[in-house]
file final-v9.txt (compact mmCIF, C-alpha atoms and all ligand atoms)
# COMPACT_ATOMS: atom_id res chain seq x y z
CA MET A 1111 -0.06 11.67 -32.59
CA ILE A 1112 0.09 11.15 -36.36
CA LEU A 1113 -2.09 13.57 -38.32
CA GLN A 1114 -3.73 12.02 -41.36
CA PRO A 1115 -2.57 13.81 -44.55
CA HIS A 1116 -6.16 14.18 -45.77
CA LEU A 1117 -7.28 15.86 -42.56
CA GLN A 1118 -8.34 19.42 -43.30
CA ILE A 1119 -8.01 21.83 -40.41
CA ASP A 1120 -10.30 24.52 -41.67
CA ASN A 1121 -12.28 25.64 -38.68
CA ARG A 1122 -12.19 26.13 -34.91
CA ALA A 1123 -14.18 22.95 -34.20
CA ASP A 1124 -11.55 20.83 -35.98
CA LEU A 1125 -8.79 22.53 -34.08
CA LEU A 1126 -10.58 21.96 -30.80
CA ARG A 1127 -11.11 18.30 -31.66
CA ILE A 1128 -7.42 17.86 -32.42
CA GLU A 1129 -6.47 19.62 -29.21
CA MET A 1130 -8.71 17.26 -27.25
CA LEU A 1131 -7.13 14.26 -28.97
CA MET A 1132 -3.66 15.56 -28.16
CA ASP A 1133 -4.71 16.09 -24.53
CA ALA A 1134 -6.03 12.54 -24.32
CA THR A 1135 -2.76 11.25 -25.80
CA ARG A 1136 -0.70 13.30 -23.39
CA SER A 1137 -2.67 12.15 -20.35
CA LYS A 1138 -2.45 8.56 -21.58
CA LEU A 1139 1.32 8.94 -21.73
CA LYS A 1140 1.32 10.47 -18.27
CA ARG A 1141 -0.38 7.35 -16.97
CA GLY A 1142 2.16 4.67 -16.29
CA ARG A 1143 4.84 7.29 -15.81
CA GLY A 1144 4.37 7.21 -12.08
CA VAL A 1145 2.81 9.24 -9.33
CA ILE A 1146 5.16 12.22 -9.55
CA GLU A 1147 4.22 12.95 -13.18
CA GLN A 1148 0.57 12.35 -12.39
CA TYR A 1149 0.36 14.54 -9.28
CA ARG A 1150 3.34 16.88 -9.68
CA GLU A 1151 1.42 19.98 -8.53
CA TYR A 1152 0.75 18.37 -5.14
CA LEU A 1153 4.31 17.19 -4.55
CA PRO A 1154 7.51 18.94 -3.50
CA VAL A 1155 9.24 18.67 -6.89
CA SER A 1156 10.47 21.20 -9.42
CA GLU A 1157 11.56 21.02 -13.07
CA SER A 1158 15.10 20.27 -11.88
CA THR A 1159 14.14 17.28 -9.70
CA PRO A 1160 15.41 14.12 -11.42
CA ILE A 1161 12.45 11.74 -11.42
CA VAL A 1162 13.25 8.17 -10.46
CA SER A 1163 10.15 6.17 -11.28
CA LEU A 1164 9.17 2.61 -12.09
CA GLY A 1165 5.65 3.55 -13.18
CA GLU A 1166 4.13 3.17 -9.72
CA GLY A 1167 0.54 4.05 -8.82
CA ASP A 1168 -2.63 4.01 -10.92
CA THR A 1169 -3.57 0.81 -9.12
CA PRO A 1170 -7.00 -0.79 -9.53
CA LEU A 1171 -9.93 0.17 -7.33
CA ILE A 1172 -11.95 -3.03 -7.56
CA TYR A 1173 -15.65 -3.09 -6.79
CA SER A 1174 -16.53 -6.12 -4.67
CA SER A 1175 -20.12 -7.25 -4.98
CA ARG A 1176 -19.60 -9.90 -2.29
CA LEU A 1177 -18.18 -7.52 0.30
CA SER A 1178 -20.95 -5.06 -0.59
CA LYS A 1179 -23.52 -7.79 0.00
CA ARG A 1180 -21.97 -8.55 3.40
CA ILE A 1181 -22.63 -5.06 4.62
CA GLY A 1182 -25.95 -4.66 2.76
CA ARG A 1183 -28.02 -1.44 3.04
CA GLY A 1184 -27.08 -0.48 -0.53
CA CYS A 1185 -23.46 0.17 0.44
CA ASP A 1186 -20.62 -0.24 -2.06
CA VAL A 1187 -17.26 -1.72 -1.07
CA PHE A 1188 -14.10 -1.28 -3.13
CA VAL A 1189 -10.67 -2.87 -2.76
CA LYS A 1190 -7.71 -0.64 -3.61
CA ASN A 1191 -5.14 -3.18 -4.74
CA GLU A 1192 -1.72 -1.77 -3.96
CA GLY A 1193 -0.07 -5.11 -4.68
CA ILE A 1194 -0.19 -3.98 -8.33
CA ASN A 1195 2.77 -1.64 -7.94
CA PRO A 1196 6.24 -2.21 -9.43
CA THR A 1197 7.63 -4.00 -6.37
CA CYS A 1198 4.16 -5.22 -5.42
CA SER A 1199 3.44 -2.97 -2.45
CA PHE A 1200 2.22 0.55 -1.71
CA LYS A 1201 5.73 1.56 -0.61
CA ASP A 1202 6.66 2.42 -4.21
CA ARG A 1203 4.49 5.57 -4.15
CA GLY A 1204 6.62 7.09 -1.41
CA MET A 1205 9.88 5.58 -2.57
CA THR A 1206 9.77 7.26 -6.00
CA LEU A 1207 9.63 10.65 -4.28
CA ALA A 1208 12.12 9.83 -1.51
CA VAL A 1209 14.70 8.57 -4.01
CA SER A 1210 14.05 11.38 -6.50
CA LYS A 1211 14.61 13.95 -3.74
CA ALA A 1212 17.70 12.06 -2.57
CA MET A 1213 19.06 12.32 -6.14
CA GLU A 1214 18.22 16.01 -6.25
CA GLY A 1215 20.29 16.41 -3.08
CA LYS A 1216 23.16 14.48 -4.75
CA ALA A 1217 22.99 11.57 -2.30
CA ASN A 1218 25.00 8.43 -2.99
CA ALA A 1219 23.28 6.04 -0.65
CA ILE A 1220 19.97 5.35 1.07
CA ILE A 1221 19.21 3.27 4.14
CA CYS A 1222 16.07 1.88 5.74
CA ALA A 1223 14.80 -0.42 8.45
CA SER A 1224 12.08 -2.72 7.26
CA THR A 1225 9.70 -5.56 7.88
CA GLY A 1226 10.29 -6.37 4.19
CA ASN A 1227 8.35 -4.23 1.75
CA THR A 1228 10.17 -0.95 2.35
CA SER A 1229 13.47 -2.76 1.79
CA ALA A 1230 12.26 -4.33 -1.47
CA SER A 1231 11.07 -0.96 -2.72
CA ALA A 1232 14.16 0.96 -1.57
CA ALA A 1233 16.43 -1.61 -3.23
CA ALA A 1234 14.57 -1.37 -6.56
CA TYR A 1235 14.46 2.44 -6.70
CA ALA A 1236 18.11 2.71 -5.60
CA SER A 1237 19.19 0.38 -8.38
CA ARG A 1238 17.08 2.38 -10.86
CA ALA A 1239 18.81 5.56 -9.61
CA GLY A 1240 22.26 3.97 -9.65
CA ILE A 1241 22.95 4.58 -5.95
CA SER A 1242 23.59 2.13 -3.16
CA CYS A 1243 21.09 0.87 -0.65
CA VAL A 1244 21.44 -0.64 2.81
CA VAL A 1245 18.53 -2.43 4.45
CA VAL A 1246 18.46 -3.33 8.14
CA LEU A 1247 16.04 -6.15 8.89
CA PRO A 1248 14.90 -8.27 11.85
CA ALA A 1249 16.65 -11.63 11.31
CA GLY A 1250 14.34 -14.49 10.38
CA LYS A 1251 11.22 -12.31 10.24
CA ILE A 1252 11.15 -11.20 6.61
CA ALA A 1253 8.88 -12.95 4.11
CA SER A 1254 10.93 -14.81 1.52
CA GLY A 1255 9.65 -12.90 -1.55
CA LYS A 1256 10.60 -9.54 -0.05
CA LEU A 1257 14.09 -10.64 0.96
CA LEU A 1258 14.58 -12.03 -2.53
CA GLN A 1259 13.58 -8.68 -4.07
CA ALA A 1260 16.08 -6.72 -1.95
CA PHE A 1261 18.83 -9.23 -2.73
CA ALA A 1262 18.10 -9.35 -6.47
CA CYS A 1263 18.19 -5.55 -6.70
CA GLY A 1264 21.61 -5.51 -5.10
CA ALA A 1265 20.90 -4.02 -1.66
CA LYS A 1266 23.36 -4.56 1.16
CA ILE A 1267 21.30 -6.62 3.60
CA VAL A 1268 22.04 -6.46 7.33
CA ALA A 1269 20.01 -8.79 9.55
CA ILE A 1270 19.90 -7.93 13.26
CA ASP A 1271 19.03 -9.94 16.33
CA GLY A 1272 16.18 -7.65 17.16
CA ASN A 1273 12.83 -6.49 15.83
CA PHE A 1274 11.76 -3.73 13.44
CA ASP A 1275 11.72 -1.14 16.22
CA ASP A 1276 15.39 -1.92 17.02
CA ALA A 1277 16.25 -1.71 13.31
CA LEU A 1278 14.59 1.71 12.98
CA ARG A 1279 16.40 3.02 16.07
CA ILE A 1280 19.73 2.01 14.52
CA VAL A 1281 18.88 3.42 11.10
CA ARG A 1282 17.82 6.78 12.58
CA GLU A 1283 21.21 7.03 14.30
CA ILE A 1284 23.19 6.07 11.20
CA GLY A 1285 21.11 8.57 9.20
CA GLU A 1286 22.08 11.36 11.59
CA ARG A 1287 25.79 10.58 11.71
CA ASP A 1288 26.68 9.16 8.33
CA ASP A 1289 26.17 9.90 4.70
CA PHE A 1290 22.87 8.07 4.20
CA ILE A 1291 19.40 9.32 3.37
CA VAL A 1292 16.87 7.47 5.52
CA VAL A 1293 13.94 6.35 3.35
CA ASN A 1294 11.62 5.11 6.08
CA SER A 1295 8.36 6.98 6.48
CA ILE A 1296 10.07 9.35 8.96
CA ASN A 1297 11.29 10.89 5.69
CA PRO A 1298 8.43 13.31 4.81
CA ASN A 1299 8.85 12.59 1.10
CA ARG A 1300 7.66 9.04 1.70
CA ILE A 1301 4.40 10.29 3.20
CA ALA A 1302 4.00 12.91 0.45
CA GLY A 1303 4.34 10.26 -2.25
CA GLN A 1304 2.01 7.83 -0.53
CA LYS A 1305 -0.80 10.37 -0.24
CA THR A 1306 -1.32 9.98 -4.01
CA ALA A 1307 -3.28 6.80 -3.29
CA ALA A 1308 -6.01 8.96 -1.73
CA PHE A 1309 -5.96 11.23 -4.81
CA GLU A 1310 -6.44 8.26 -7.12
CA ILE A 1311 -9.40 7.00 -5.11
CA VAL A 1312 -11.13 10.38 -5.26
CA ASP A 1313 -10.31 10.76 -8.97
CA VAL A 1314 -11.89 7.39 -9.75
CA MET A 1315 -14.89 7.64 -7.42
CA GLY A 1316 -15.62 11.30 -8.09
CA ASP A 1317 -15.52 12.05 -4.36
CA ALA A 1318 -13.94 10.67 -1.20
CA PRO A 1319 -15.40 7.47 0.25
CA ASP A 1320 -17.26 7.54 3.58
CA PHE A 1321 -14.97 4.99 5.24
CA HIS A 1322 -11.40 3.97 4.57
CA LEU A 1323 -10.07 0.75 6.11
CA LEU A 1324 -6.39 -0.21 6.14
CA PRO A 1325 -3.77 -2.13 8.12
CA LEU A 1326 -1.61 -0.21 10.61
CA GLY A 1327 2.06 -0.95 11.16
CA ASN A 1328 4.51 1.91 11.44
CA ALA A 1329 1.46 4.12 10.78
CA GLY A 1330 2.91 6.00 7.81
CA ASN A 1331 0.20 4.93 5.40
CA ILE A 1332 -2.79 6.10 7.44
CA THR A 1333 -0.95 9.40 7.92
CA ALA A 1334 -0.38 9.67 4.17
CA TYR A 1335 -3.97 8.85 3.19
CA TRP A 1336 -5.35 11.34 5.67
CA THR A 1337 -3.00 14.03 4.35
CA GLY A 1338 -4.10 13.25 0.79
CA TYR A 1339 -7.82 13.29 1.53
CA ARG A 1340 -7.53 16.58 3.40
CA GLN A 1341 -5.43 18.20 0.71
CA TYR A 1342 -7.85 17.18 -2.04
CA GLN A 1343 -10.80 18.48 -0.04
CA SER A 1344 -9.08 21.82 0.58
CA ARG A 1345 -8.52 22.13 -3.18
CA GLN A 1346 -12.22 21.38 -3.82
CA ARG A 1347 -11.44 18.06 -5.50
CA SER A 1348 -13.77 16.32 -3.01
CA THR A 1349 -16.65 17.36 -0.80
CA LYS A 1350 -16.09 15.16 2.25
CA LEU A 1351 -13.55 13.21 4.27
CA PRO A 1352 -13.69 9.50 5.13
CA ALA A 1353 -13.59 8.03 8.62
CA MET A 1354 -10.19 6.34 8.83
CA ILE A 1355 -10.29 2.88 10.42
CA GLY A 1356 -6.97 1.15 11.07
CA PHE A 1357 -6.34 -2.47 12.04
CA GLN A 1358 -3.44 -3.90 13.99
CA ALA A 1359 -2.62 -7.54 14.64
CA ALA A 1360 -3.89 -8.50 18.10
CA CYS A 1361 -0.42 -9.15 19.58
CA ALA A 1362 1.25 -6.22 17.81
CA ALA A 1363 -1.18 -3.44 18.66
CA PRO A 1364 0.56 -0.51 20.36
CA ILE A 1365 -1.82 2.15 19.02
CA PHE A 1366 -4.90 0.18 20.08
CA HIS A 1367 -3.54 -0.42 23.60
CA ASP A 1368 -1.88 2.98 23.75
CA ARG A 1369 1.42 1.59 24.96
CA ILE A 1370 4.67 0.34 23.44
CA ILE A 1371 4.67 -3.42 22.85
CA ASN A 1372 8.18 -4.72 23.51
CA LYS A 1373 7.75 -8.10 21.87
CA PRO A 1374 5.17 -7.71 19.08
CA GLU A 1375 4.15 -11.00 17.46
CA THR A 1376 2.02 -11.79 14.43
CA ILE A 1377 1.95 -13.99 11.39
CA ALA A 1378 1.50 -10.74 9.42
CA SER A 1379 5.22 -9.98 9.59
CA ALA A 1380 4.84 -6.68 7.70
CA ILE A 1381 2.99 -5.14 10.64
CA ARG A 1382 5.00 -6.76 13.45
CA ILE A 1383 5.78 -3.40 15.04
CA GLY A 1384 5.62 -2.38 18.69
CA ASN A 1385 6.52 1.31 18.59
CA PRO A 1386 5.28 2.96 15.37
CA ALA A 1387 7.14 6.03 14.12
CA SER A 1388 3.95 7.87 13.05
CA TRP A 1389 1.97 6.97 16.18
CA LYS A 1390 0.92 10.56 16.95
CA GLN A 1391 -0.07 11.31 13.36
CA ALA A 1392 -2.12 8.10 13.18
CA ARG A 1393 -3.93 9.01 16.40
CA ALA A 1394 -4.66 12.46 14.97
CA ALA A 1395 -5.99 11.01 11.70
CA ILE A 1396 -8.28 8.65 13.59
CA ALA A 1397 -9.52 11.37 15.97
CA GLU A 1398 -9.98 14.09 13.33
CA SER A 1399 -11.83 11.71 10.99
CA SER A 1400 -14.00 10.24 13.78
CA GLY A 1401 -12.54 6.86 12.85
CA ALA A 1402 -11.21 4.02 15.00
CA VAL A 1403 -8.41 1.58 15.59
CA ASP A 1404 -9.12 -2.09 16.16
CA ILE A 1405 -7.32 -5.41 16.53
CA ILE A 1406 -7.51 -8.66 14.58
CA PRO A 1407 -6.26 -12.06 15.78
CA ASP A 1408 -3.91 -13.93 13.44
CA GLU A 1409 -6.47 -16.68 12.64
CA GLU A 1410 -8.89 -14.05 11.32
CA ILE A 1411 -6.13 -12.41 9.26
CA VAL A 1412 -5.33 -15.72 7.54
CA ALA A 1413 -9.03 -16.55 7.09
CA ALA A 1414 -9.60 -13.18 5.40
CA GLN A 1415 -6.54 -13.69 3.19
CA ILE A 1416 -7.94 -17.01 1.98
CA TRP A 1417 -11.48 -15.60 1.66
CA LEU A 1418 -10.32 -12.75 -0.59
CA ALA A 1419 -8.34 -15.10 -2.83
CA ARG A 1420 -11.17 -17.65 -3.08
CA HIS A 1421 -14.03 -15.19 -3.52
CA GLU A 1422 -12.52 -12.30 -5.41
CA GLY A 1423 -9.34 -13.73 -6.94
CA ILE A 1424 -7.21 -11.16 -5.13
CA LEU A 1425 -4.19 -12.73 -3.44
CA VAL A 1426 -2.75 -10.41 -0.83
CA GLU A 1427 -0.18 -10.79 1.88
CA PRO A 1428 -1.36 -11.39 5.47
CA ALA A 1429 -0.83 -7.79 6.65
CA SER A 1430 -3.09 -6.58 3.85
CA ALA A 1431 -5.75 -9.10 4.77
CA ALA A 1432 -6.04 -7.34 8.15
CA ALA A 1433 -8.08 -4.65 6.36
CA ILE A 1434 -10.52 -7.26 5.02
CA ALA A 1435 -10.71 -9.10 8.35
CA GLY A 1436 -11.30 -5.68 9.88
CA PHE A 1437 -14.17 -5.05 7.48
CA PHE A 1438 -15.75 -8.35 8.51
CA LYS A 1439 -15.35 -7.40 12.17
CA CYS A 1440 -17.06 -4.04 11.58
CA CYS A 1441 -19.95 -5.89 9.89
CA ASN A 1442 -20.34 -8.77 12.32
CA SER A 1443 -18.92 -8.25 15.74
CA GLN A 1444 -20.53 -6.59 18.74
CA GLU A 1445 -17.00 -5.89 19.98
CA ALA A 1446 -15.90 -3.97 16.91
CA ALA A 1447 -14.36 -0.58 17.65
CA TYR A 1448 -16.49 0.68 14.76
CA SER A 1449 -19.73 -1.08 13.93
CA PHE A 1450 -21.31 -1.01 10.48
CA LYS A 1451 -24.56 -2.45 11.86
CA GLU A 1452 -26.32 0.93 11.85
CA ILE A 1453 -24.49 2.31 8.84
CA PRO A 1454 -26.70 4.68 6.79
CA GLU A 1455 -27.82 3.48 3.35
CA GLY A 1456 -25.63 3.84 0.31
CA ARG A 1457 -22.28 4.49 2.02
CA ARG A 1458 -19.05 3.86 0.12
CA ILE A 1459 -16.20 1.98 1.73
CA VAL A 1460 -12.64 1.49 0.50
CA CYS A 1461 -10.33 -1.20 1.90
CA THR A 1462 -6.68 -0.84 0.96
CA VAL A 1463 -4.82 -4.09 0.47
CA THR A 1464 -1.19 -3.08 0.74
CA GLY A 1465 0.94 -5.89 -0.68
CA HIS A 1466 0.83 -8.84 -3.07
CA GLY A 1467 0.37 -12.36 -1.72
CA LEU A 1468 3.28 -13.80 -3.70
CA LYS A 1469 5.69 -11.80 -1.56
CA ASP A 1470 4.82 -13.91 1.46
CA PRO A 1471 3.90 -17.36 0.19
CA ASP A 1472 4.95 -19.33 3.28
CA VAL A 1473 1.74 -18.97 5.30
CA ILE A 1474 -0.47 -20.34 2.52
CA MET A 1475 2.14 -22.84 1.38
CA GLN A 1476 1.99 -24.49 4.81
CA ARG A 1477 -1.73 -25.05 4.29
CA MET A 1478 -1.29 -26.52 0.83
CA GLY A 1479 -1.28 -30.31 0.81
CA ARG A 1480 1.09 -32.16 -1.50
CA VAL A 1481 -0.29 -32.39 -5.04
CA GLU A 1482 0.21 -36.07 -5.91
CA PRO A 1483 0.83 -36.66 -9.64
CA VAL A 1484 -1.39 -39.08 -11.59
CA ALA A 1485 -0.62 -40.92 -14.82
CA ALA A 1486 -0.72 -38.77 -17.97
CA THR A 1487 -3.97 -40.17 -19.36
CA VAL A 1488 -7.40 -38.64 -19.84
CA ASN A 1489 -8.91 -41.33 -17.66
CA ASP A 1490 -6.56 -40.69 -14.75
CA VAL A 1491 -7.14 -36.94 -14.93
CA ARG A 1492 -10.92 -37.49 -15.13
CA ARG A 1493 -10.72 -39.72 -12.06
CA ALA A 1494 -8.62 -37.12 -10.22
CA ILE A 1495 -11.24 -34.44 -10.97
CA GLY A 1496 -13.91 -36.80 -9.69
CA LEU A 1497 -15.75 -37.32 -13.00
N1 LIG A 1501 0.90 -3.59 4.86
C1 LIG A 1501 2.09 -3.97 4.38
C2 LIG A 1501 2.11 -5.02 3.33
C3 LIG A 1501 3.28 -3.38 4.88
O1 LIG A 1501 4.44 -3.77 4.37
C4 LIG A 1501 3.20 -2.40 5.88
C5 LIG A 1501 4.39 -1.79 6.43
C6 LIG A 1501 1.92 -2.04 6.33
C7 LIG A 1501 0.80 -2.65 5.80
C8 LIG A 1501 1.71 -1.01 7.36
O2 LIG A 1501 1.90 0.26 6.83
O3 LIG A 1501 3.71 0.97 8.32
O4 LIG A 1501 2.54 2.60 6.88
O5 LIG A 1501 1.38 1.58 8.82
N2 LIG A 1501 5.56 -2.15 6.16
C9 LIG A 1501 6.80 -1.46 6.57
C10 LIG A 1501 8.00 -2.09 5.92
C11 LIG A 1501 6.92 -1.27 8.01
O6 LIG A 1501 9.10 -2.00 6.46
O7 LIG A 1501 7.86 -2.64 4.83
P1 LIG A 1501 2.41 1.43 7.76
call {"tool": "encode", "arguments": {"input": "final-v9.txt", "output": "structure tokens"}}
result
Amino acid sequence: MILQPHLQIDNRADLLRIEMLMDATRSKLKRGRGVIEQYREYLPVSESTPIVSLGEGDTPLIYSSRLSKRIGRGCDVFVKNEGINPTCSFKDRGMTLAVSKAMEGKANAIICASTGNTSASAAAYASRAGISCVVVLPAGKIASGKLLQAFACGAKIVAIDGNFDDALRIVREIGERDDFIVVNSINPNRIAGQKTAAFEIVDVMGDAPDFHLLPLGNAGNITAYWTGYRQYQSRQRSTKLPAMIGFQAACAAPIFHDRIINKPETIASAIRIGNPASWKQARAAIAESSGAVDIIPDEEIVAAQIWLARHEGILVEPASAAAIAGFFKCCNSQEAAYSFKEIPEGRRIVCTVTGHGLKDPDVIMQRMGRVEPVAATVNDVRRAIGL
């Protein structure tokens, strides 16, 4: 801060005012410096931890009047847009901590299995840290934007003839035997970093919401949110805990069916997982919060993706749209695992959308007809508009 030369500091009130200004400046600078700087006291870091950050977190919590209207009864619905992170997914919150701790431990290389977003995030944070990164992916099942991110950031990409669950099995084994730090959510630093999303929500809303809806894949994120909400409540930063409601794709729903799915299938490739690593923790979060797990067919996922883009201007990837489709199911369907039909007045609901739509353009692209060019005249353009 630059002090004006004419500013006279002649009493306590002036000093206090200046202190407050300095505080505001400091906290402004802290913003945009990432989740570790913002929430250091809640994370396993010390002064000697080298912080590897790309300015993740501090993502928008967007009030949706249209979703609020859907549910009615004076309830407010917010969308936590995690696509607005450095690599455009929520994974960055955990990756900053996982890679920082890997650097503290003098690691030279990280490895992960991924349905796409973890690999994009790991690749970016590894390149920022100056270490190498290996990503093991199910061949042909990674959205093009995510693969491009991992490639551009210089990761070694290994595609396997198998699914995510096979990739994670292999990565676990390599992590045990060889000199790699595994940065999947089985690494507790990933979960610790991701819990900061719950902190942000409480900080913005002034308390925890009543319901939190999100997609479920490997089940790390629901575990992280629940940890965050509980930790904030135990430190008196909030007075209540939300019911956690998770959504799986109908043909990739091991937690819902309570059995491993050997051949999970869904258009939402990010959550095409048949044997989630944090299965037990997700079950505990759902049970302890009196929440639920439910399933969404692919058509409803795509419909919700398009609805959110057309009605709120928020373009998310299909997996993220599962949370919105899930919200609709809670509002409308008799078969919903959790019904909002009898919801008390004035409840607050947060839906996390986990990744940006541009990462996975193929699904929408297929629906886009060819845009035929017209002649470059005002008349032709007017005709094309229908004037
Ligand atoms: N949404 C998106 C966009 C994801 O990429 C993932 C998981 C999830 C939701 C589910 O979160 O696994 O914590 O329950 N993606 C992982 C990956 C598996 O490899 O990128 P989860």
call {"tool": "residues_near_ligand", "arguments": {"input": "final-v9.txt", "ligand": "ligand LIG 1501 (chain A)", "cutoff": "7 Å", "atoms": "all atoms listed in the file", "output": "number ranges by chain"}}
result
A: 1199, 1223-1229, 1325-1332, 1380-1381, 1427, 1429-1430, 1464-1465
call {"tool": "residues_near_point", "arguments": {"input": "final-v9.txt", "point": "(1.5, -13.1, 6.9)", "cutoff": "9 Å", "atoms": "only C-alpha atoms", "output": "number ranges by chain"}}
result
A: 1253, 1376-1381, 1408, 1411-1412, 1415, 1427-1431, 1467, 1470-1474
call {"tool": "write_last_selection", "arguments": {"input": "final-v9.txt", "atoms": "C-alpha atoms", "output": "PDB file, keeping the file's coordinate frame"}}
result
ATOM      1  CA  ALA A1253       8.880 -12.950   4.110  1.00  0.00           C
ATOM      2  CA  THR A1376       2.020 -11.790  14.430  1.00  0.00           C
ATOM      3  CA  ILE A1377       1.950 -13.990  11.390  1.00  0.00           C
ATOM      4  CA  ALA A1378       1.500 -10.740   9.420  1.00  0.00           C
ATOM      5  CA  SER A1379       5.220  -9.980   9.590  1.00  0.00           C
ATOM      6  CA  ALA A1380       4.840  -6.680   7.700  1.00  0.00           C
ATOM      7  CA  ILE A1381       2.990  -5.140  10.640  1.00  0.00           C
ATOM      8  CA  ASP A1408      -3.910 -13.930  13.440  1.00  0.00           C
ATOM      9  CA  ILE A1411      -6.130 -12.410   9.260  1.00  0.00           C
ATOM     10  CA  VAL A1412      -5.330 -15.720   7.540  1.00  0.00           C
ATOM     11  CA  GLN A1415      -6.540 -13.690   3.190  1.00  0.00           C
ATOM     12  CA  GLU A1427      -0.180 -10.790   1.880  1.00  0.00           C
ATOM     13  CA  PRO A1428      -1.360 -11.390   5.470  1.00  0.00           C
ATOM     14  CA  ALA A1429      -0.830  -7.790   6.650  1.00  0.00           C
ATOM     15  CA  SER A1430      -3.090  -6.580   3.850  1.00  0.00           C
ATOM     16  CA  ALA A1431      -5.750  -9.100   4.770  1.00  0.00           C
ATOM     17  CA  GLY A1467       0.370 -12.360  -1.720  1.00  0.00           C
ATOM     18  CA  ASP A1470       4.820 -13.910   1.460  1.00  0.00           C
ATOM     19  CA  PRO A1471       3.900 -17.360   0.190  1.00  0.00           C
ATOM     20  CA  ASP A1472       4.950 -19.330   3.280  1.00  0.00           C
ATOM     21  CA  VAL A1473       1.740 -18.970   5.300  1.00  0.00           C
ATOM     22  CA  ILE A1474      -0.470 -20.340   2.520  1.00  0.00           C
TER      23      ILE A1474
END
call {"tool": "atom_distance", "arguments": {"input": "final-v9.txt", "atom1": "atom CA of Phe1450 of chain A", "atom2": "atom CA of Ala1397 of chain A"}}
result
18.0 Å
call {"tool": "axis_aligned_box", "arguments": {"input": "final-v9.txt", "around": "segment 1293-1311 of chain A", "padding_each_side": "3 Å", "output": "lines of an AutoDock Vina configuration file"}}
result
center_x = 2.3
center_y = 9.2
center_z = 0.9
size_x = 29.3
size_y = 14.2
size_z = 22.1
call {"tool": "atom_distance", "arguments": {"input": "final-v9.txt", "atom1": "atom CA of Arg1458 of chain A", "atom2": "atom CA of Leu1324 of chain A"}}
result
14.6 Å
call {"tool": "closest_residue", "arguments": {"input": "final-v9.txt", "among": "A:Ala1234, A:Leu1177, A:Gly1255, A:Gly1303", "to": "Ile1146 of chain A", "atoms": "only C-alpha atoms"}}
result
A:Gly1303
call {"tool": "atom_distance", "arguments": {"input": "final-v9.txt", "atom1": "atom CA of Ala1432 of chain A", "atom2": "atom CA of Ala1413 of chain A"}}
result
9.7 Å
call {"tool": "residues_near_point", "arguments": {"input": "final-v9.txt", "point": "(19.7, 16.6, -7.6)", "cutoff": "12 Å", "atoms": "all atoms listed in the file", "output": "list in words"}}
result
Val1155, Ser1156, Glu1157, Ser1158, Thr1159, Pro1160, Ile1161, Val1162, Ala1208, Val1209, Ser1210, Lys1211, Ala1212, Met1213, Glu1214, Gly1215, Lys1216, Ala1217, Asn1218 and Ala1239 of chain A
call {"tool": "closest_residue", "arguments": {"input": "final-v9.txt", "among": "A:Ala1334, A:Cys1198, A:Met1354, A:Ala1269", "to": "Lys1469 of chain A", "atoms": "only C-alpha atoms"}}
result
A:Cys1198
call {"tool": "build_atoms", "arguments": {"input": "final-v9.txt", "residues": "segment 1162-1172 of chain A", "atoms": "N, CA and C atoms", "output": "compact mmCIF listing (two decimals), in the frame of the given file"}}
result
# COMPACT_ATOMS: atom_id res chain seq x y z
N VAL A 1162 12.91 9.60 -10.45
CA VAL A 1162 13.25 8.17 -10.46
C VAL A 1162 11.94 7.41 -10.27
N SER A 1163 11.46 6.82 -11.34
CA SER A 1163 10.15 6.17 -11.28
C SER A 1163 10.20 4.80 -11.93
N LEU A 1164 9.35 3.92 -11.44
CA LEU A 1164 9.17 2.61 -12.09
C LEU A 1164 7.72 2.47 -12.57
N GLY A 1165 7.04 3.60 -12.71
CA GLY A 1165 5.65 3.55 -13.18
C GLY A 1165 4.67 3.14 -12.10
N GLU A 1166 4.98 3.54 -10.86
CA GLU A 1166 4.13 3.17 -9.72
C GLU A 1166 2.79 3.90 -9.75
N GLY A 1167 1.86 3.41 -8.95
CA GLY A 1167 0.54 4.05 -8.82
C GLY A 1167 -0.43 3.61 -9.89
N ASP A 1168 -1.57 4.34 -9.99
CA ASP A 1168 -2.63 4.01 -10.92
C ASP A 1168 -3.09 2.56 -10.71
N THR A 1169 -3.22 2.20 -9.45
CA THR A 1169 -3.57 0.81 -9.12
C THR A 1169 -5.09 0.63 -9.15
N PRO A 1170 -5.56 -0.59 -9.38
CA PRO A 1170 -7.00 -0.79 -9.53
C PRO A 1170 -7.80 -0.57 -8.25
N LEU A 1171 -8.95 0.05 -8.42
CA LEU A 1171 -9.93 0.17 -7.33
C LEU A 1171 -11.06 -0.78 -7.73
N ILE A 1172 -11.09 -1.94 -7.09
CA ILE A 1172 -11.95 -3.03 -7.56
C ILE A 1172 -13.24 -3.07 -6.76
